[in-house]
>>> print(open('run-v5.txt').read())   # compact mmCIF, C-alpha atoms and all ligand atoms
# COMPACT_ATOMS: atom_id res chain seq x y z
CA MET A 1 10.80 12.15 7.54
CA ILE A 2 10.91 10.32 4.21
CA THR A 3 13.78 7.97 3.35
CA CYS A 4 14.54 6.20 0.08
CA LEU A 5 14.78 2.58 1.18
CA VAL A 6 15.38 0.81 -2.15
CA ASP A 7 16.61 2.19 -5.45
CA ASN A 8 18.73 1.20 -8.46
CA ALA A 9 21.62 2.95 -6.68
CA ALA A 10 22.67 3.21 -3.02
CA ARG A 11 24.48 6.01 -1.22
CA ARG A 12 28.22 5.52 -1.42
CA SER A 13 29.86 3.89 1.59
CA SER A 14 26.44 3.32 3.18
CA ARG A 15 26.36 -0.54 3.37
CA LEU A 16 22.95 -0.32 1.67
CA TRP A 17 22.26 -2.58 -1.30
CA ALA A 18 20.95 -1.47 -4.68
CA GLU A 19 18.70 -3.26 -7.18
CA HIS A 20 16.35 -2.28 -9.99
CA GLY A 21 13.40 -1.38 -7.79
CA LEU A 22 11.94 1.21 -5.49
CA ALA A 23 10.67 1.69 -1.94
CA PHE A 24 10.19 4.74 0.30
CA TRP A 25 9.82 4.72 4.08
CA ILE A 26 7.46 7.49 5.26
CA GLU A 27 7.68 8.40 8.94
CA THR A 28 4.98 10.67 10.34
CA GLU A 29 3.81 11.67 13.82
CA ALA A 30 0.98 9.17 13.37
CA GLY A 31 3.30 6.29 12.47
CA ALA A 32 5.14 4.82 9.51
CA ALA A 33 4.02 3.83 6.03
CA LEU A 34 5.84 2.09 3.20
CA LEU A 35 5.46 2.87 -0.50
CA ASP A 36 6.46 -0.19 -2.56
CA THR A 37 8.71 -3.05 -1.55
CA GLY A 38 11.56 -3.06 -4.09
CA GLN A 39 12.18 -6.11 -6.26
CA SER A 40 13.46 -8.58 -3.68
CA GLY A 41 12.97 -9.38 -0.03
CA GLU A 42 16.73 -9.79 0.29
CA VAL A 43 17.46 -6.14 -0.52
CA LEU A 44 14.37 -4.81 1.28
CA LEU A 45 15.16 -6.58 4.58
CA HIS A 46 18.88 -5.80 4.34
CA ASN A 47 18.23 -2.08 3.83
CA LEU A 48 15.60 -1.97 6.60
CA ASN A 49 18.18 -3.53 8.89
CA VAL A 50 20.98 -1.13 7.92
CA LEU A 51 18.70 1.89 8.36
CA GLU A 52 17.39 0.45 11.67
CA LEU A 53 13.78 0.61 10.48
CA ASP A 54 11.37 -1.91 11.97
CA ALA A 55 8.71 -3.21 9.56
CA ALA A 56 6.64 -4.32 12.58
CA THR A 57 5.94 -0.63 13.27
CA LEU A 58 4.36 -0.04 9.85
CA ARG A 59 0.77 1.13 9.96
CA ALA A 60 0.16 1.16 6.22
CA LEU A 61 1.55 -0.16 2.94
CA ALA A 62 0.87 1.44 -0.45
CA LEU A 63 1.77 -0.08 -3.80
CA SER A 64 2.31 2.31 -6.70
CA HIS A 65 1.53 -0.42 -9.26
CA ALA A 66 1.88 -4.14 -9.81
CA HIS A 67 5.31 -4.39 -11.47
CA TYR A 68 7.75 -6.85 -9.91
CA ASP A 69 10.37 -4.17 -9.14
CA HIS A 70 7.85 -2.50 -6.77
CA THR A 71 6.11 -5.56 -5.33
CA GLY A 72 8.68 -8.39 -5.33
CA GLY A 73 9.60 -7.78 -1.68
CA LEU A 74 6.04 -8.55 -0.49
CA PRO A 75 6.56 -12.20 0.57
CA ALA A 76 9.55 -11.24 2.75
CA LEU A 77 7.83 -8.13 4.10
CA VAL A 78 4.76 -9.98 5.40
CA GLN A 79 7.01 -12.09 7.63
CA LYS A 80 7.95 -8.89 9.49
CA ILE A 81 4.72 -6.87 9.65
CA THR A 82 1.71 -6.98 11.91
CA PRO A 83 -0.71 -9.43 10.24
CA GLY A 84 -3.57 -7.66 8.53
CA LEU A 85 -1.58 -4.51 7.77
CA PRO A 86 -3.71 -2.27 5.50
CA LEU A 87 -2.62 -2.37 1.86
CA TYR A 88 -3.66 0.59 -0.31
CA ALA A 89 -3.50 0.35 -4.09
CA ASN A 90 -5.60 0.67 -7.22
CA ALA A 91 -8.35 -1.83 -7.94
CA ASP A 92 -6.53 -2.84 -11.14
CA LEU A 93 -3.46 -4.01 -9.15
CA LEU A 94 -4.46 -7.66 -9.46
CA ARG A 95 -4.48 -7.75 -13.25
CA GLU A 96 -1.68 -9.82 -14.83
CA ARG A 97 1.13 -7.82 -16.50
CA PHE A 98 3.47 -9.00 -19.22
CA SER A 99 6.54 -7.85 -21.11
CA GLN A 100 7.85 -8.99 -24.48
CA SER A 101 11.06 -6.96 -24.23
CA THR A 102 13.19 -10.08 -24.61
CA GLY A 103 11.09 -11.41 -27.50
CA LYS A 104 9.33 -13.94 -25.29
CA ARG A 105 6.26 -12.92 -23.24
CA ARG A 106 6.94 -13.09 -19.52
CA SER A 107 5.01 -12.11 -16.40
CA ILE A 108 6.19 -8.87 -14.76
CA GLY A 109 3.32 -8.29 -12.34
CA LEU A 110 2.58 -9.42 -8.80
CA CYS A 111 4.33 -12.59 -7.64
CA VAL A 112 1.38 -13.37 -5.31
CA ASP A 113 -2.35 -13.78 -5.96
CA HIS A 114 -5.51 -12.24 -4.53
CA ALA A 115 -6.01 -15.00 -1.95
CA TRP A 116 -2.44 -14.61 -0.67
CA LEU A 117 -2.88 -10.85 -0.33
CA GLU A 118 -6.16 -11.33 1.56
CA GLU A 119 -4.52 -13.84 3.88
CA HIS A 120 -1.75 -11.47 4.97
CA LEU A 121 -3.06 -7.94 4.46
CA THR A 122 -6.27 -5.93 4.71
CA LEU A 123 -6.99 -4.83 1.16
CA HIS A 124 -8.10 -1.33 0.21
CA LEU A 125 -8.06 -1.42 -3.59
CA GLU A 126 -9.74 1.72 -4.90
CA ASP A 127 -9.77 4.09 -7.88
CA ALA A 128 -10.36 7.05 -5.53
CA PRO A 129 -7.62 8.70 -3.42
CA GLN A 130 -7.28 7.02 -0.01
CA GLU A 131 -5.90 8.46 3.23
CA ILE A 132 -3.43 5.84 4.44
CA LEU A 133 -2.25 7.78 7.51
CA PRO A 134 -3.30 11.22 8.76
CA GLY A 135 -1.88 13.61 6.14
CA VAL A 136 -0.74 10.85 3.75
CA TRP A 137 -2.86 9.80 0.74
CA THR A 138 -2.67 7.81 -2.42
CA THR A 139 -3.40 9.91 -5.49
CA GLY A 140 -6.02 7.43 -6.66
CA ALA A 141 -6.21 6.66 -10.38
CA ILE A 142 -4.67 9.24 -12.72
CA THR A 143 -7.42 9.26 -15.33
CA GLU A 144 -6.68 12.54 -17.14
CA ARG A 145 -3.48 12.13 -19.17
CA PRO A 146 -3.09 14.99 -21.68
CA HIS A 147 0.72 14.89 -21.37
CA PRO A 148 3.03 12.04 -22.42
CA GLY A 149 2.95 9.01 -20.12
CA GLY A 150 5.77 6.75 -19.01
CA TYR A 151 4.75 4.01 -21.41
CA VAL A 152 7.12 1.14 -22.10
CA PRO A 153 6.98 -0.61 -25.49
CA ARG A 154 5.96 -4.28 -25.37
CA GLN A 155 4.47 -4.11 -21.85
CA GLU A 156 1.03 -5.68 -22.12
CA VAL A 157 -2.13 -6.88 -20.40
CA ARG A 158 -4.58 -9.54 -21.57
CA ALA A 159 -7.62 -8.43 -23.62
CA GLY A 160 -10.01 -11.17 -24.66
CA LYS A 161 -7.92 -13.86 -26.32
CA GLY A 162 -5.04 -11.51 -27.08
CA TYR A 163 -2.90 -8.81 -25.55
CA VAL A 164 -2.95 -4.99 -25.71
CA PRO A 165 -0.48 -2.32 -24.50
CA ASP A 166 -0.69 -1.92 -20.72
CA PRO A 167 -2.75 1.22 -19.98
CA TYR A 168 -1.20 1.30 -16.48
CA ARG A 169 -4.59 1.94 -14.91
CA ASP A 170 -3.11 0.79 -11.58
CA ASP A 171 -0.45 3.52 -11.50
CA LEU A 172 -0.63 5.86 -8.51
CA SER A 173 1.65 8.05 -6.40
CA VAL A 174 1.56 9.07 -2.74
CA VAL A 175 0.91 12.59 -1.45
CA VAL A 176 2.28 13.73 1.90
CA GLN A 177 0.95 16.89 3.50
CA GLY A 178 3.94 18.94 4.69
CA VAL A 179 3.68 22.09 6.76
CA GLU A 180 4.49 24.26 3.76
CA GLY A 181 2.98 22.22 0.94
CA LEU A 182 2.68 18.82 -0.66
CA ILE A 183 5.36 16.19 -1.20
CA VAL A 184 4.62 13.70 -4.01
CA LEU A 185 6.28 10.27 -4.03
CA CYS A 186 6.21 8.40 -7.34
CA GLY A 187 6.77 4.71 -7.99
CA CYS A 188 7.33 4.48 -11.74
CA CYS A 189 4.96 7.28 -12.78
CA HIS A 190 3.72 5.34 -15.81
CA ALA A 191 0.75 7.74 -15.86
CA GLY A 192 3.21 10.52 -16.71
CA LEU A 193 4.90 13.00 -14.39
CA LEU A 194 2.93 16.10 -15.45
CA ASN A 195 -0.35 14.15 -15.57
CA THR A 196 0.29 12.97 -12.00
CA LEU A 197 1.31 16.38 -10.67
CA GLU A 198 -1.61 18.18 -12.36
CA HIS A 199 -3.97 15.58 -10.84
CA VAL A 200 -2.49 16.31 -7.39
CA ARG A 201 -2.80 20.08 -7.86
CA ARG A 202 -6.44 19.74 -8.99
CA HIS A 203 -7.42 17.39 -6.21
CA TRP A 204 -5.56 18.93 -3.24
CA GLN A 205 -5.54 22.59 -4.36
CA GLN A 206 -2.21 23.17 -2.62
CA PRO A 207 1.33 23.88 -3.85
CA ILE A 208 3.64 20.94 -4.57
CA ILE A 209 6.99 21.71 -2.95
CA ALA A 210 8.82 18.42 -3.50
CA VAL A 211 8.61 15.38 -5.77
CA ALA A 212 10.66 12.21 -5.45
CA GLY A 213 10.91 8.81 -7.06
CA GLY A 214 10.80 7.06 -10.38
CA THR A 215 9.44 9.38 -13.04
CA HIS A 216 9.88 7.17 -16.11
CA LEU A 217 11.51 9.90 -18.13
CA VAL A 218 14.11 7.40 -19.30
CA SER A 219 12.79 7.50 -22.87
CA ALA A 220 11.30 11.02 -22.83
CA ASP A 221 12.28 13.17 -25.82
CA ALA A 222 13.83 16.64 -25.50
CA GLY A 223 10.45 18.34 -26.14
CA THR A 224 8.81 16.46 -23.28
CA LEU A 225 11.64 17.29 -20.89
CA GLU A 226 11.52 20.94 -21.96
CA SER A 227 7.76 21.06 -21.41
CA ILE A 228 8.15 19.53 -17.93
CA ALA A 229 10.87 22.01 -17.01
CA CYS A 230 8.77 24.97 -18.27
CA THR A 231 5.65 23.84 -16.41
CA LEU A 232 7.49 23.26 -13.13
CA ALA A 233 9.23 26.64 -13.43
CA GLU A 234 5.88 28.34 -14.17
CA TRP A 235 4.28 26.86 -11.06
CA GLY A 236 7.16 28.35 -9.07
CA THR A 237 6.52 26.20 -5.99
CA LEU A 238 8.82 23.21 -6.49
CA ARG A 239 11.88 23.25 -4.25
CA ARG A 240 13.14 19.70 -4.87
CA LEU A 241 12.77 17.09 -7.58
CA TYR A 242 14.56 13.93 -6.42
CA LEU A 243 14.98 11.67 -9.44
CA ASN A 244 15.77 7.97 -9.17
CA HIS A 245 14.83 4.47 -10.37
CA CYS A 246 13.42 4.79 -13.93
CA SER A 247 13.99 8.54 -14.37
CA GLY A 248 17.03 8.22 -16.67
CA GLU A 249 20.37 10.01 -16.60
CA GLU A 250 19.60 12.23 -19.58
CA ALA A 251 16.44 13.55 -17.94
CA TYR A 252 18.42 14.17 -14.77
CA TYR A 253 21.06 16.27 -16.51
CA ILE A 254 18.66 18.15 -18.82
CA LEU A 255 16.30 19.06 -15.97
CA ARG A 256 19.24 19.94 -13.74
CA ARG A 257 20.59 22.33 -16.36
CA ARG A 258 17.15 23.91 -16.79
CA LEU A 259 15.97 23.99 -13.15
CA SER A 260 19.27 24.20 -11.20
CA SER A 261 21.21 21.68 -9.18
CA ASP A 262 19.53 22.92 -6.03
CA VAL A 263 16.14 21.66 -7.26
CA ILE A 264 17.16 18.51 -9.14
CA ARG A 265 18.75 15.95 -6.84
CA PRO A 266 19.72 12.29 -7.07
CA CYS A 267 17.90 9.91 -4.74
CA PRO A 268 19.79 6.66 -4.13
CA ALA A 269 18.80 4.31 -1.29
CA GLY A 270 19.62 6.01 2.00
CA THR A 271 18.61 9.50 0.85
CA VAL A 272 16.59 11.41 3.44
CA LEU A 273 14.40 13.90 1.61
CA ASP A 274 14.84 17.55 2.50
CA TRP A 275 12.63 20.25 1.01
CA SER A 276 13.62 23.15 3.25
CA GLU A 277 14.32 26.40 1.38
CA ARG A 278 18.03 26.39 2.26
CA ALA A 279 19.21 22.79 2.45
FE FE B 301 9.69 0.54 -11.75
FE FE B 302 6.70 -0.04 -13.64
>>> encode(input="run-v5.txt", output="structure tokens", more="lines below")
Ligand SMILES: [Fe+2]
Ligand SMILES: [Fe+2]
Amino acid sequence: MITCLVDNAARRSSRLWAEHGLAFWIETEAGAALLDTGQSGEVLLHNLNVLELDAATLRALALSHAHYDHTGGLPALVQKITPGLPLYANADLLRERFSQSTGKRRSIGLCVDHAWLEEHLTLHLEDAPQEILPGVWTTGAITERPHPGGYVPRQEVRAGKGYVPDPYRDDLSVVVQGVEGLIVLCGCCHAGLLNTLEHVRRHWQQPIIAVAGGTHLVSADAGTLESIACTLAEWGTLRRLYLNHCSGEEAYYILRRRLSSDVIRPCPAGTVLDWSERA
């Protein structure tokens, strides 16, 4: 069972809190894993409590990328987990990230450093896909990006004495092996939705039946959205595309018109994913 734990929106009348951020709780027969921590410990711990999920039972933590809205809950989370919990992420996670969206450069990456991570967690920072629980993997680095990415203007990393646009080398998603096919969970999908899904199809050689999370289509143009809709329709395997976080309302409505309201679903905090044929 996969539950959206943190999102920009929360299910109505649920008592869950919303914030700009993302986290998914992944429950499998082999135990539970968490993808991302949301932006704040306050929301993360509140929502865990409301959903009666115990962070002490986690067997793995994956981070989709370094941005604060996916990693800001880390300091609160480590107070609740078993010390030394395995953390799976890309090797580039530790690089500083900046934004100049407000005109002044500010840090938008991890709020903790390498030493802090090593003190509380067992680090597995790799470019290659990693199996975090039986049947649950990180995608590893998305290196082939022929389609548009989810790039945000004025987000930067250091290069020498200056700054360059963030290449989002750290961006990854999580792949869950379902009985009937693969479920892909995205954080922000800065690598690009189609780039990520094509990577998963190449690597796992199995049909993708559901996708959920932040897809960073918020600034995608009509041509990009049309191309995504065409490709997904051509594959003919996708039963659900749960859009939340940084996906954007326009993308939601355009894709919903093109791919049907049965496929395109909202995904506020509290949503339990369902990819059965007749939900
Ligand atoms: Fe994000
Ligand atoms: Fe991001």
>>> residues_around(input="run-v5.txt", residues="Val112 (chain A)", least_positions_apart="4", cutoff="10 Å", atoms="all atoms listed in the file", output="ChimeraX atom specification")
/A:71-72,74-75,94,116-117
>>> write_last_selection(input="run-v5.txt", atoms="C-alpha atoms", output="short mmCIF file (atom, residue, chain, number, x, y, z; two decimals), in the coordinates of the input")
data_model
loop_
_atom_site.label_atom_id
_atom_site.label_comp_id
_atom_site.auth_asym_id
_atom_site.auth_seq_id
_atom_site.Cartn_x
_atom_site.Cartn_y
_atom_site.Cartn_z
CA THR A 71 6.11 -5.56 -5.33
CA GLY A 72 8.68 -8.39 -5.33
CA LEU A 74 6.04 -8.55 -0.49
CA PRO A 75 6.56 -12.20 0.57
CA LEU A 94 -4.46 -7.66 -9.46
CA TRP A 116 -2.44 -14.61 -0.67
CA LEU A 117 -2.88 -10.85 -0.33
#
>>> residues_near_point(input="run-v5.txt", point="(17.0, 24.8, -8.4)", cutoff="9 Å", atoms="only C-alpha atoms", output="list in words")
Leu238, Arg239, Arg240, Leu241, Arg256, Arg258, Leu259, Ser260, Ser261, Asp262, Val263 and Ile264 of chain A
>>> residues_near_ligand(input="run-v5.txt", ligand="ligand FE 301 (chain B)", cutoff="6 Å", atoms="only C-alpha atoms and all ligand atoms", output="list in words")
Gly21, Asp69 and Cys188 of chain A
>>> atom_distance(input="run-v5.txt", atom1="CA of Pro86 (chain A)", atom2="CA of Arg59 (chain A)")
7.2 Å
>>> residues_near_ligand(input="run-v5.txt", ligand="ligand FE 302 (chain B)", cutoff="12 Å", atoms="only C-alpha atoms and all ligand atoms", output="PyMOL selection string")
chain A and resi 20-22+36+38-39+63-72+93+97-99+108-110+149-153+155-156+166-173+186-192+213-218+245-247
>>> atom_distance(input="run-v5.txt", atom1="CA of Ser101 (chain A)", atom2="CA of Asp221 (chain A)")
20.2 Å
>>> atom_distance(input="run-v5.txt", atom1="CA of Val174 (chain A)", atom2="CA of Leu61 (chain A)")
10.8 Å
>>> axis_aligned_box(input="run-v5.txt", around="region 158-176 of chain A", padding_each_side="5 Å", output="JSON")
{"center_x": -3.9, "center_y": -0.1, "center_z": -12.6, "size_x": 22.3, "size_y": 37.6, "size_z": 39.0}
>>> residues_around(input="run-v5.txt", residues="region 119-133 of chain A", least_positions_apart="4", cutoff="7 Å", atoms="all atoms listed in the file", output="ChimeraX atom specification")
/A:30,60,78,83-91,115,137-141
